[in-house]
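target.cif follows (mmCIF, C-alpha atoms):
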```cif
data_coords
#
loop_
_atom_site.label_atom_id
_atom_site.label_comp_id
_atom_site.auth_asym_id
_atom_site.auth_seq_id
_atom_site.Cartn_x
_atom_site.Cartn_y
_atom_site.Cartn_z
CA MET A 9 -12.12 35.63 25.28
CA TYR A 10 -12.06 39.43 25.27
CA VAL A 11 -15.72 39.35 26.34
CA ILE A 12 -14.99 36.76 29.04
CA GLY A 13 -12.08 38.84 30.30
CA ALA A 14 -14.25 41.97 30.37
CA LEU A 15 -16.99 40.04 32.21
CA LEU A 16 -14.55 38.91 34.92
CA ILE A 17 -13.30 42.49 35.32
CA TYR A 18 -16.92 43.72 35.56
CA LEU A 19 -17.79 41.11 38.21
CA ALA A 20 -14.67 42.07 40.19
CA ILE A 21 -15.19 45.84 40.10
CA CYS A 22 -18.96 46.32 39.90
CA LYS A 23 -20.17 43.25 41.83
CA ASP A 24 -17.18 42.85 44.18
CA PHE A 25 -16.95 39.11 43.36
CA GLU A 26 -13.48 37.95 44.52
CA PRO A 27 -11.88 41.08 42.99
CA ALA A 28 -8.34 40.15 44.09
CA LEU A 29 -8.46 37.16 41.74
CA LEU A 30 -11.11 37.81 39.11
CA LEU A 31 -9.62 41.20 38.18
CA PRO A 32 -6.11 39.90 37.34
CA MET A 33 -7.62 36.78 35.74
CA GLY A 34 -9.88 38.91 33.55
CA PHE A 35 -7.13 41.29 32.51
CA GLY A 36 -4.74 38.39 31.96
CA ALA A 37 -7.31 36.69 29.70
CA ILE A 38 -7.19 39.74 27.46
CA LEU A 39 -3.38 39.88 27.50
CA VAL A 40 -2.83 36.25 26.49
CA ASN A 41 -5.32 36.46 23.61
CA LEU A 42 -3.90 39.53 21.88
CA PRO A 43 -2.36 38.60 18.49
CA ALA A 44 1.33 37.70 18.82
CA SER A 45 1.09 38.67 22.48
CA GLY A 46 4.41 39.49 24.12
CA VAL A 47 3.28 37.87 27.39
CA LEU A 48 3.59 34.44 25.69
CA ASP A 49 6.69 32.72 24.31
CA GLN A 50 7.22 33.33 20.61
CA THR A 51 9.88 33.16 17.93
CA LEU A 52 10.75 36.47 16.26
CA GLU A 53 12.53 36.75 12.95
CA GLY A 54 16.11 37.84 13.40
CA ILE A 55 15.89 37.51 17.18
CA GLY A 56 14.85 33.93 17.86
CA LYS A 57 12.80 32.67 20.77
CA THR A 58 11.65 35.21 23.36
CA ASN A 59 10.10 34.39 26.73
CA GLY A 60 6.71 35.84 27.63
CA ILE A 61 6.26 36.88 31.27
CA ILE A 62 2.88 35.18 31.87
CA GLU A 63 3.93 31.92 30.23
CA TRP A 64 7.20 32.01 32.20
CA LEU A 65 5.31 32.63 35.47
CA PHE A 66 2.98 29.73 34.69
CA HIS A 67 5.80 27.30 33.97
CA VAL A 68 7.86 28.34 37.01
CA GLY A 69 5.16 29.19 39.55
CA ILE A 70 2.52 26.56 38.76
CA GLU A 71 3.61 23.91 36.26
CA ALA A 72 7.13 23.22 37.57
CA SER A 73 6.52 23.40 41.33
CA GLU A 74 2.91 24.48 42.11
CA ALA A 75 4.69 27.18 44.15
CA LEU A 76 2.08 29.96 43.90
CA PRO A 77 -1.00 28.05 45.14
CA ILE A 78 1.04 26.33 47.87
CA LEU A 79 2.67 29.55 49.13
CA LEU A 80 -0.77 31.17 49.32
CA PHE A 81 -1.70 28.63 52.00
CA ILE A 82 0.87 30.17 54.37
CA GLY A 83 -1.09 33.42 54.26
CA ILE A 84 -4.44 31.63 54.60
CA GLY A 85 -3.19 29.64 57.61
CA ALA A 86 -1.93 32.81 59.29
CA MET A 87 -5.40 34.37 58.92
CA ILE A 88 -7.31 31.51 60.54
CA ASP A 89 -8.18 31.30 64.22
CA PHE A 90 -8.90 27.65 65.04
CA GLY A 91 -10.19 28.61 68.50
CA PRO A 92 -13.92 28.16 67.71
CA LEU A 93 -13.17 24.73 66.24
CA LEU A 94 -11.05 23.64 69.22
CA SER A 95 -13.82 24.84 71.56
CA ASN A 96 -16.30 22.53 69.84
CA PRO A 97 -14.41 19.61 68.20
CA LYS A 98 -17.70 18.20 66.88
CA MET A 99 -17.44 20.79 64.12
CA PHE A 100 -14.60 18.72 62.63
CA LEU A 101 -17.23 16.33 61.30
CA PHE A 102 -18.79 18.99 59.09
CA GLY A 103 -15.45 19.80 57.47
CA ALA A 104 -15.51 16.20 56.21
CA ALA A 105 -19.23 15.86 55.44
CA ALA A 106 -19.31 19.01 53.32
CA GLN A 107 -16.80 17.52 50.86
CA PHE A 108 -19.40 15.06 49.53
CA GLY A 109 -19.99 17.16 46.42
CA ILE A 110 -16.38 16.63 45.30
CA PHE A 111 -16.78 12.89 44.91
CA PHE A 112 -20.30 13.18 43.50
CA ALA A 113 -19.04 15.61 40.85
CA ILE A 114 -16.14 13.29 39.96
CA CYS A 115 -18.66 10.53 39.23
CA VAL A 116 -20.81 12.90 37.13
CA ALA A 117 -17.79 14.15 35.14
CA THR A 118 -16.64 10.58 34.48
CA LEU A 119 -20.11 9.60 33.24
CA LEU A 120 -20.05 12.60 30.90
CA GLY A 121 -16.92 11.28 29.23
CA PHE A 122 -14.09 13.19 30.94
CA SER A 123 -10.91 11.24 31.64
CA LEU A 124 -10.28 10.27 35.26
CA ASN A 125 -7.57 12.94 35.61
CA ASP A 126 -9.85 15.66 34.28
CA ALA A 127 -12.90 14.41 36.21
CA ALA A 128 -10.98 14.44 39.50
CA SER A 129 -9.69 17.94 38.77
CA ILE A 130 -13.19 19.17 37.96
CA GLY A 131 -14.63 17.60 41.10
CA ILE A 132 -12.23 19.58 43.31
CA ILE A 133 -14.15 22.73 42.32
CA GLY A 134 -16.58 21.52 44.99
CA ALA A 135 -13.92 22.12 47.64
CA ALA A 136 -14.72 25.84 47.27
CA ASP A 137 -10.97 26.34 47.53
CA GLY A 138 -9.31 27.98 44.53
CA PRO A 139 -5.65 27.18 45.33
CA THR A 140 -6.48 23.52 45.97
CA SER A 141 -8.39 23.33 42.68
CA ILE A 142 -5.44 24.81 40.78
CA LEU A 143 -2.92 22.55 42.52
CA VAL A 144 -4.84 19.31 41.96
CA SER A 145 -5.64 20.08 38.32
CA GLN A 146 -1.98 20.92 37.66
CA ILE A 147 -0.57 17.81 39.37
CA LEU A 148 -3.05 15.63 37.47
CA LYS A 149 -2.10 17.39 34.22
CA SER A 150 -5.66 18.41 33.43
CA LYS A 151 -6.03 20.35 30.19
CA TYR A 152 -8.89 22.35 31.71
CA ILE A 153 -6.99 24.18 34.44
CA GLY A 154 -8.16 27.61 33.23
CA ALA A 155 -11.86 26.70 33.24
CA ILE A 156 -11.47 24.95 36.61
CA ALA A 157 -9.82 28.01 38.18
CA VAL A 158 -12.49 30.37 36.82
CA ALA A 159 -15.28 28.07 38.05
CA ALA A 160 -13.72 27.60 41.50
CA TYR A 161 -13.24 31.29 42.19
CA SER A 162 -16.54 32.31 40.61
CA TYR A 163 -18.54 29.95 42.81
CA MET A 164 -16.58 31.03 45.89
CA ALA A 165 -17.74 34.56 45.12
CA LEU A 166 -21.32 33.37 44.63
CA VAL A 167 -21.59 31.69 48.05
CA PRO A 168 -24.14 34.27 49.31
CA ILE A 169 -26.38 33.46 46.32
CA ILE A 170 -25.95 29.69 45.93
CA GLN A 171 -25.87 28.49 49.52
CA PRO A 172 -29.12 30.00 50.87
CA ALA A 173 -31.12 28.36 48.06
CA ALA A 174 -29.43 24.98 48.62
CA ILE A 175 -29.96 25.17 52.40
CA LYS A 176 -33.65 26.04 52.09
CA LEU A 177 -34.12 23.17 49.66
CA VAL A 178 -33.38 20.57 52.37
CA THR A 179 -34.44 22.29 55.62
CA THR A 180 -37.67 23.46 57.21
CA LYS A 181 -38.23 26.79 58.91
CA LYS A 182 -38.40 24.99 62.27
CA GLU A 183 -34.99 23.41 61.66
CA ARG A 184 -33.49 26.74 60.65
CA MET A 185 -34.69 28.22 63.96
CA ILE A 186 -32.93 25.66 66.18
CA ARG A 187 -30.96 27.52 68.84
CA MET A 188 -27.44 26.50 69.79
CA PRO A 189 -25.95 28.04 72.94
CA TYR A 190 -22.30 28.98 72.61
CA ASN A 191 -20.15 28.27 75.65
CA PRO A 192 -16.57 28.69 74.46
CA LYS A 193 -13.86 26.81 76.30
CA SER A 194 -10.57 28.44 77.12
CA ILE A 195 -7.97 27.12 74.69
CA SER A 196 -4.43 27.08 76.09
CA LYS A 197 -1.48 28.44 74.14
CA THR A 198 0.09 24.96 74.20
CA THR A 199 -2.99 23.46 72.55
CA ARG A 200 -3.04 26.16 69.87
CA ILE A 201 0.64 25.50 69.09
CA LEU A 202 0.35 21.72 69.10
CA PHE A 203 -2.80 21.70 66.95
CA PRO A 204 -1.19 22.62 63.57
CA ILE A 205 1.69 20.20 64.23
CA ILE A 206 -0.62 17.30 65.11
CA VAL A 207 -2.95 17.99 62.18
CA THR A 208 0.02 17.93 59.80
CA PHE A 209 1.16 14.56 61.16
CA ILE A 210 -2.33 13.04 60.92
CA ALA A 211 -2.97 14.42 57.42
CA GLY A 212 0.42 13.15 56.31
CA LEU A 213 -0.44 9.63 57.45
CA VAL A 214 -4.00 9.63 56.08
CA ALA A 215 -3.32 11.43 52.79
CA PRO A 216 0.41 11.91 52.11
CA GLN A 217 -0.31 13.86 48.92
CA SER A 218 -1.97 16.57 51.04
CA VAL A 219 1.20 17.34 53.03
CA SER A 220 2.25 20.28 50.86
CA LEU A 221 -1.23 21.80 51.20
CA VAL A 222 -1.93 21.00 54.86
CA GLY A 223 1.67 21.55 55.88
CA PHE A 224 1.88 25.09 54.50
CA LEU A 225 -1.60 25.93 55.84
CA MET A 226 -0.60 24.75 59.31
CA PHE A 227 2.81 26.43 59.10
CA GLY A 228 1.02 29.72 58.52
CA ASN A 229 -1.21 29.02 61.53
CA LEU A 230 1.83 28.17 63.65
CA LEU A 231 3.31 31.57 62.76
CA ARG A 232 0.09 33.11 64.08
CA GLU A 233 -0.16 31.12 67.30
CA CYS A 234 3.46 31.00 68.48
CA ASN A 235 3.35 34.74 69.40
CA VAL A 236 7.09 35.18 68.82
CA LEU A 237 6.89 35.93 65.10
CA LYS A 238 4.15 38.55 65.00
CA SER A 239 5.77 40.58 62.23
CA LEU A 240 6.14 37.46 60.06
CA SER A 241 2.55 36.44 60.80
CA GLU A 242 1.28 39.87 59.80
CA THR A 243 3.43 39.80 56.65
CA ALA A 244 2.02 36.39 55.72
CA GLN A 245 -1.55 37.59 56.29
CA ASN A 246 -1.14 40.79 54.31
CA GLU A 247 1.83 41.39 51.99
CA LEU A 248 2.55 37.73 51.15
CA ALA A 249 -1.10 36.72 50.69
CA ASN A 250 -1.86 39.80 48.58
CA LEU A 251 1.23 39.44 46.38
CA ILE A 252 0.72 35.71 45.76
CA THR A 253 -2.99 36.24 45.06
CA LEU A 254 -2.16 38.94 42.53
CA LEU A 255 0.46 36.81 40.77
CA LEU A 256 -1.69 33.67 40.89
CA GLY A 257 -4.63 35.43 39.25
CA ILE A 258 -2.69 36.81 36.31
CA THR A 259 -0.53 33.67 35.95
CA ILE A 260 -3.49 31.29 35.69
CA SER A 261 -4.76 33.34 32.75
CA PHE A 262 -2.14 31.48 30.65
CA SER A 263 -4.68 28.62 30.59
CA MET A 264 -7.38 30.97 29.30
CA ARG A 265 -6.11 31.17 25.74
CA ALA A 266 -9.02 30.87 23.31
CA GLU A 267 -7.95 27.54 21.81
CA ALA A 268 -7.86 25.92 25.27
CA PHE A 269 -10.82 27.68 26.86
CA VAL A 270 -13.62 28.24 24.35
CA ASN A 271 -15.28 24.85 23.91
CA ILE A 272 -18.27 22.86 25.10
CA SER A 273 -16.14 21.23 27.81
CA THR A 274 -15.74 24.59 29.57
CA LEU A 275 -19.53 24.97 29.80
CA LEU A 276 -19.84 21.42 31.15
CA ILE A 277 -17.13 22.14 33.73
CA MET A 278 -19.01 25.23 34.94
CA CYS A 279 -22.19 23.17 35.29
CA ILE A 280 -20.48 20.25 37.07
CA GLY A 281 -18.69 22.69 39.37
CA LEU A 282 -22.03 24.22 40.33
CA ILE A 283 -23.42 20.74 41.04
CA ALA A 284 -20.40 19.96 43.23
CA PHE A 285 -20.84 23.18 45.16
CA ILE A 286 -24.56 22.59 45.75
CA PHE A 287 -24.05 18.97 46.82
CA ASP A 288 -21.28 20.00 49.22
CA THR A 289 -23.77 22.29 50.92
CA ILE A 290 -26.55 19.72 50.91
CA GLY A 291 -24.19 17.00 52.15
CA GLY A 292 -23.19 19.08 55.17
CA VAL A 293 -26.81 19.96 55.99
CA LEU A 294 -28.05 16.37 55.69
CA PHE A 295 -25.18 15.14 57.88
CA ALA A 296 -26.24 17.59 60.60
CA LYS A 297 -29.80 16.29 60.33
CA LEU A 298 -28.48 12.74 60.65
CA LEU A 299 -26.59 13.64 63.84
CA ASN A 300 -29.77 15.17 65.25
CA LEU A 301 -31.42 11.73 65.15
CA PHE A 302 -28.96 10.58 67.82
CA SER A 303 -28.22 13.81 69.71
CA LYS A 304 -30.00 15.24 72.73
CA GLN A 305 -28.60 18.71 72.05
CA LYS A 306 -29.87 19.49 68.54
CA ILE A 307 -27.66 21.06 65.90
CA ASN A 308 -29.02 23.70 63.57
CA PRO A 309 -28.64 21.93 60.18
CA MET A 310 -27.46 25.16 58.55
CA ILE A 311 -24.17 24.72 60.44
CA GLY A 312 -23.41 21.77 58.17
CA ALA A 313 -23.41 24.04 55.14
CA ALA A 314 -20.56 26.06 56.66
CA GLY A 315 -18.31 22.98 56.40
CA ILE A 316 -17.15 24.05 52.94
CA SER A 317 -13.84 25.85 52.55
CA ALA A 318 -15.20 29.27 51.54
CA PHE A 319 -14.01 31.10 54.66
CA PRO A 320 -15.50 33.24 56.16
CA MET A 321 -18.25 33.80 53.57
CA SER A 322 -20.11 30.57 54.29
CA ALA A 323 -20.19 31.23 58.05
CA ARG A 324 -21.61 34.70 57.40
CA VAL A 325 -24.32 33.23 55.17
CA VAL A 326 -25.41 30.89 57.97
CA GLN A 327 -25.41 33.75 60.48
CA LYS A 328 -27.53 35.97 58.22
CA MET A 329 -30.01 33.16 57.55
CA SER A 330 -30.37 32.37 61.25
CA LEU A 331 -30.98 36.03 62.11
CA LYS A 332 -33.56 36.28 59.35
CA GLU A 333 -35.52 33.39 60.89
CA ASP A 334 -34.97 34.57 64.48
CA PRO A 335 -33.21 37.92 65.18
CA THR A 336 -31.98 36.62 68.54
CA ASN A 337 -30.43 33.38 67.25
CA HIS A 338 -26.68 33.84 66.76
CA LEU A 339 -24.90 30.93 65.10
CA LEU A 340 -21.78 32.71 63.87
CA MET A 341 -19.22 31.12 66.19
CA HIS A 342 -20.57 27.60 65.58
CA ALA A 343 -20.51 28.30 61.84
CA ILE A 344 -16.96 29.66 62.06
CA GLY A 345 -15.88 26.40 63.73
CA ALA A 346 -17.37 24.36 60.89
CA ASN A 347 -15.95 26.76 58.30
CA VAL A 348 -12.33 26.55 59.49
CA SER A 349 -12.77 22.77 59.66
CA GLY A 350 -13.74 23.00 55.99
CA GLN A 351 -10.37 24.61 55.26
CA ILE A 352 -8.65 21.51 56.59
CA GLY A 353 -11.22 19.17 55.02
CA SER A 354 -10.81 20.62 51.54
CA VAL A 355 -7.03 20.24 51.41
CA VAL A 356 -7.19 16.73 52.87
CA ALA A 357 -9.87 15.86 50.29
CA GLY A 358 -7.53 17.17 47.59
CA GLY A 359 -4.77 14.92 48.89
CA ILE A 360 -7.09 11.92 49.01
CA VAL A 361 -8.22 12.53 45.43
CA LEU A 362 -4.61 12.76 44.25
CA LYS A 363 -3.75 9.50 46.05
CA LEU A 364 -6.80 7.62 44.73
CA VAL A 365 -6.34 8.79 41.14
CA SER A 366 -2.60 8.05 41.11
CA ASP A 367 -3.28 4.55 42.49
CA LEU A 368 -6.00 3.85 39.92
CA ILE A 369 -3.84 5.05 37.03
CA HIS A 370 -0.76 3.09 38.06
#
```
Give the structure from this file in structure tokens form.
Amino acid sequence: MYVIGALLIYLAICKDFEPALLLPMGFGAILVNLPASGVLDQTLEGIGKTNGIIEWLFHVGIEASEALPILLFIGIGAMIDFGPLLSNPKMFLFGAAAQFGIFFAICVATLLGFSLNDAASIGIIGAADGPTSILVSQILKSKYIGAIAVAAYSYMALVPIIQPAAIKLVTTKKERMIRMPYNPKSISKTTRILFPIIVTFIAGLVAPQSVSLVGFLMFGNLLRECNVLKSLSETAQNELANLITLLLGITISFSMRAEAFVNISTLLIMCIGLIAFIFDTIGGVLFAKLLNLFSKQKINPMIGAAGISAFPMSARVVQKMSLKEDPTNHLLMHAIGANVSGQIGSVVAGGIVLKLVSDLIH
């Protein structure tokens, strides 16, 4: 675990892979595995039971209330501009299609012998959304929350490496060169304000378990769009998001104790998570190709890959790939629309998984 912790720190500092999370996770992995570590609860002779700060943070901030991952969604929502999505509502479809890998991975994990709770938690890695992965795995009481968190954030960081290979696997050069004119519509302030409220209502009816995720995401966006709480919006985007990210990273390291982390299941989880991520990308691309069979105005299939939740990295990958094929073909705004749709799609998918699993168990 010391080696794993050092590796996460190396990836954060030297490779710039999600440093805000991998750095505290890596350092925390070292802290919780030191002999008789003071960051964990222990009983001392002559003193009695003492509380360790990381174990306390885990019980209060994740286990008892899932507070840390949920609060992070306020900051994420405040960062997102849904304008490109509202200008082209068709992009909503890709936020749904690019969640295919989640359900495929759940089936794979189940076939490999994981319990339904653990399989569902592992599948959520495909959402490319770290807080959602942590929240779902905690609610479902998965014993692999540490491995799931590491996999989720690691693959988010590896979007620029994984996605181009997956996209090229199922597209031709001609398809990657399809041009899509961008004619943005003017989105009224009323529409921008009503959008997060309406989405919360719809998500609550479709997947009630997603309300905490979608609701806090949309609350953060409402702070951004109302234009009367600019200081709060800026605080949510910066101080709040940074503080929660820092605490979440070091708190989740409680699940990275050697006895819970170092086993063959962790390796399987990393592999299944990669499969989920790849099939999310492929699912979005193939859905775009399916739409092209019935559409007069063709969609560049790469847009479908941006339907995952890794915002804005996935949209940038699509833009770079399009410019590589044709330096005059700019797809960024279309990709951004699909990418912010993926933010909504991932949390709704998490809610649907929670509902389905709870129904099957009970």
*Nearest to Phe81 in chain A, chosen from A:Phe224, A:Phe287, A:Tyr190, A:Phe319, with all atoms listed in the file counted in the distances*: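 Between A:Phe224, A:Phe287, A:Tyr190, A:Phe319, the residue approaching Phe81 in chain A most closely is A:Phe224.
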Quick check on the file I pasted: which residues fall under the PyMOL selection byres ((chain A and resi 13) around 12)? Write them as a PDB file with C-alpha atoms, in the frame of the given file.
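Dumped everything to part-v3.pdb:
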```pdb
ATOM      1  CA  MET A   9     -12.120  35.630  25.280  1.00  0.00           C
ATOM      2  CA  TYR A  10     -12.060  39.430  25.270  1.00  0.00           C
ATOM      3  CA  VAL A  11     -15.720  39.350  26.340  1.00  0.00           C
ATOM      4  CA  ILE A  12     -14.990  36.760  29.040  1.00  0.00           C
ATOM      5  CA  ALA A  14     -14.250  41.970  30.370  1.00  0.00           C
ATOM      6  CA  LEU A  15     -16.990  40.040  32.210  1.00  0.00           C
ATOM      7  CA  LEU A  16     -14.550  38.910  34.920  1.00  0.00           C
ATOM      8  CA  ILE A  17     -13.300  42.490  35.320  1.00  0.00           C
ATOM      9  CA  TYR A  18     -16.920  43.720  35.560  1.00  0.00           C
ATOM     10  CA  LEU A  19     -17.790  41.110  38.210  1.00  0.00           C
ATOM     11  CA  ALA A  20     -14.670  42.070  40.190  1.00  0.00           C
ATOM     12  CA  LEU A  30     -11.110  37.810  39.110  1.00  0.00           C
ATOM     13  CA  LEU A  31      -9.620  41.200  38.180  1.00  0.00           C
ATOM     14  CA  PRO A  32      -6.110  39.900  37.340  1.00  0.00           C
ATOM     15  CA  MET A  33      -7.620  36.780  35.740  1.00  0.00           C
ATOM     16  CA  GLY A  34      -9.880  38.910  33.550  1.00  0.00           C
ATOM     17  CA  PHE A  35      -7.130  41.290  32.510  1.00  0.00           C
ATOM     18  CA  GLY A  36      -4.740  38.390  31.960  1.00  0.00           C
ATOM     19  CA  ALA A  37      -7.310  36.690  29.700  1.00  0.00           C
ATOM     20  CA  ILE A  38      -7.190  39.740  27.460  1.00  0.00           C
ATOM     21  CA  LEU A  39      -3.380  39.880  27.500  1.00  0.00           C
ATOM     22  CA  VAL A  40      -2.830  36.250  26.490  1.00  0.00           C
ATOM     23  CA  ASN A  41      -5.320  36.460  23.610  1.00  0.00           C
ATOM     24  CA  LEU A  42      -3.900  39.530  21.880  1.00  0.00           C
ATOM     25  CA  VAL A 158     -12.490  30.370  36.820  1.00  0.00           C
ATOM     26  CA  ILE A 258      -2.690  36.810  36.310  1.00  0.00           C
ATOM     27  CA  SER A 261      -4.760  33.340  32.750  1.00  0.00           C
ATOM     28  CA  MET A 264      -7.380  30.970  29.300  1.00  0.00           C
ATOM     29  CA  ARG A 265      -6.110  31.170  25.740  1.00  0.00           C
ATOM     30  CA  ALA A 266      -9.020  30.870  23.310  1.00  0.00           C
ATOM     31  CA  PHE A 269     -10.820  27.680  26.860  1.00  0.00           C
TER      32      PHE A 269
END
```
Please tabulate, as a Markdown table, the residues of range 95-205 of chain A that come within 10 Å of range 336-359 of chain A, each with its closest pair of atoms and the distance in Å to one decimal, counting all atoms listed in the file and ordering rows by chain, then residue number upward.
```
| residue | atom | partner | partner_atom | distance |
| --- | --- | --- | --- | --- |
| A:Ser95 | CA | A:Gly345 | CA | 8.2 |
| A:Asn96 | CA | A:Gly345 | CA | 7.2 |
| A:Pro97 | CA | A:Gly345 | CA | 8.3 |
| A:Lys98 | CA | A:Ala346 | CA | 8.6 |
| A:Met99 | CA | A:Ala346 | CA | 4.8 |
| A:Phe100 | CA | A:Ser349 | CA | 5.3 |
| A:Leu101 | CA | A:Ser349 | CA | 8.0 |
| A:Phe102 | CA | A:Ala346 | CA | 5.8 |
| A:Gly103 | CA | A:Gly350 | CA | 3.9 |
| A:Ala104 | CA | A:Gly353 | CA | 5.4 |
| A:Ala105 | CA | A:Gly353 | CA | 8.7 |
| A:Ala106 | CA | A:Gly350 | CA | 7.4 |
| A:Gln107 | CA | A:Ser354 | CA | 6.8 |
| A:Phe108 | CA | A:Ala357 | CA | 9.6 |
| A:Ile110 | CA | A:Ala357 | CA | 8.2 |
| A:Phe111 | CA | A:Ala357 | CA | 9.2 |
| A:Ala128 | CA | A:Gly358 | CA | 9.2 |
| A:Ser129 | CA | A:Gly358 | CA | 9.1 |
| A:Gly131 | CA | A:Gly358 | CA | 9.6 |
| A:Ile132 | CA | A:Gly358 | CA | 6.8 |
| A:Gly134 | CA | A:Ser354 | CA | 8.8 |
| A:Ala135 | CA | A:Ser354 | CA | 5.2 |
| A:Ala136 | CA | A:Ser354 | CA | 7.8 |
| A:Asp137 | CA | A:Ser354 | CA | 7.0 |
| A:Pro139 | CA | A:Val355 | CA | 9.3 |
| A:Thr140 | CA | A:Val355 | CA | 6.4 |
| A:Ser141 | CA | A:Gly358 | CA | 7.9 |
| A:Leu143 | CA | A:Gly358 | CA | 8.7 |
| A:Val144 | CA | A:Gly358 | CA | 6.6 |
| A:Ser145 | CA | A:Gly358 | CA | 9.9 |
| A:Arg184 | CA | A:Asn337 | CA | 9.8 |
| A:Met185 | CA | A:Asn337 | CA | 7.5 |
| A:Ile186 | CA | A:Asn337 | CA | 8.2 |
| A:Arg187 | CA | A:Asn337 | CA | 6.1 |
| A:Met188 | CA | A:Leu339 | CA | 6.9 |
| A:Pro189 | CA | A:Leu339 | CA | 8.4 |
| A:Tyr190 | CA | A:His342 | CA | 7.4 |
| A:Asn191 | CA | A:Met341 | CA | 9.9 |
| A:Pro192 | CA | A:Met341 | CA | 9.0 |
```
*Please indicate the distance in Å from CA of Leu124 in chain A to CA of Leu80 in chain A, rounded to one decimal place.*
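Separation between CA of Leu124 in chain A and CA of Leu80 in chain A: 26.9 Å.
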_Report, in Å to a single decimal, how far apart CA of His67 in chain A and CA of Val47 in chain A are._
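Interatomic distance, CA of Val47 in chain A to CA of His67 in chain A: 12.7 Å.
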*Can you list, as a VMD selection string, every protein, DNA or RNA residue that comes within 6 Å of Gly257 in chain A when you count all atoms listed in the file, leaving out same-chain residues fewer than 2 positions away?*
chain A and resid 29 32 to 33 254 to 255 259 to 260
*Using only C-alpha atoms, give me every residue within 9 Å of (-8.3, 28.7, 65.9) in file coordinates, as a PyMOL selection string.*
chain A and resi 88-95+195+200+203+229+233+345+348
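Distance annotation: of A:Lys193, A:Leu251, A:Ile277, A:Ala323, the residue with the minimal separation from Thr118 in chain A is A:Ile277; atom set is all atoms listed in the file.
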*Counting only C-alpha atoms, which of A:Leu368, A:Ala86, A:Ile210, A:Ala296 gets nearest to Leu237 in chain A?*
A:Ala86
*So how many Å separate CA of Ser196 in chain A and CA of Leu231 in chain A, to one decimal?*
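Taking CA of Ser196 in chain A as the start and CA of Leu231 in chain A as the end point, the length is 16.1 Å.
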*Compare A:Glu267, A:Glu26, A:Asp49, A:Glu183 by their minimum atom-to-atom distance to Ala159 in chain A, counting all atoms listed in the file, and give me the closest one.*
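Closest to Ala159 in chain A of all the choices is A:Glu26.
Compared by their closest atoms to Ile252 in chain A, and using all atoms listed in the file, the residues A:Ala28, A:Ile133, A:Gly60, A:Asp367 rank with A:Ala28 nearest.
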*Find, counting only C-alpha atoms, the residue in A:Leu362, A:Lys57, A:Gly315, A:Ile307 that gets nearest to Leu221 in chain A.*
A:Leu362
*I need the residue set behind the PyMOL selection byres ((chain A and resi 172) around 10) for this file; please write it as a ChimeraX atom specification.*
/A:167-171,173-177,289,310,313,322,325-326,328-329
*Got a sec: who's within 10 Å of Ala75 in chain A, counting only C-alpha atoms, leaving out chain neighbours fewer than 2 positions off, as a list in words?*
Phe66, Val68, Gly69, Ile70, Glu71, Ala72, Ser73, Pro77, Ile78, Leu79, Leu80, Leu143, Ser220, Ile252 and Leu256 of chain A
For range 53-67 of chain A, take all atoms listed in the file, fit an axis-aligned box around them, add 4 Å to each of the six sides, then output centre and edge lengths in Å rounded to one decimal, as JSON.
```
{"center_x": 9.5, "center_y": 32.6, "center_z": 24.2, "size_x": 21.2, "size_y": 18.5, "size_z": 30.5}
```
Would you list the contacts of Pro216 in chain A as a PDB file with C-alpha atoms, in the coordinates of the input, taking every protein, DNA or RNA residue within 8 Å and counting only C-alpha atoms, but skipping same-chain residues closer than 4 positions in sequence?
```
ATOM      1  CA  ALA A 211      -2.970  14.420  57.420  1.00  0.00           C
ATOM      2  CA  GLY A 212       0.420  13.150  56.310  1.00  0.00           C
ATOM      3  CA  GLY A 359      -4.770  14.920  48.890  1.00  0.00           C
ATOM      4  CA  LYS A 363      -3.750   9.500  46.050  1.00  0.00           C
TER       5      LYS A 363
END
```
*Up to 12 Å from (-22.0, 22.4, 34.5) in the file's coordinates: name the residues, counting all atoms listed in the file, as a ChimeraX atom specification.*
/A:113,116-117,120,130-131,133-134,155-156,159,163,272-286
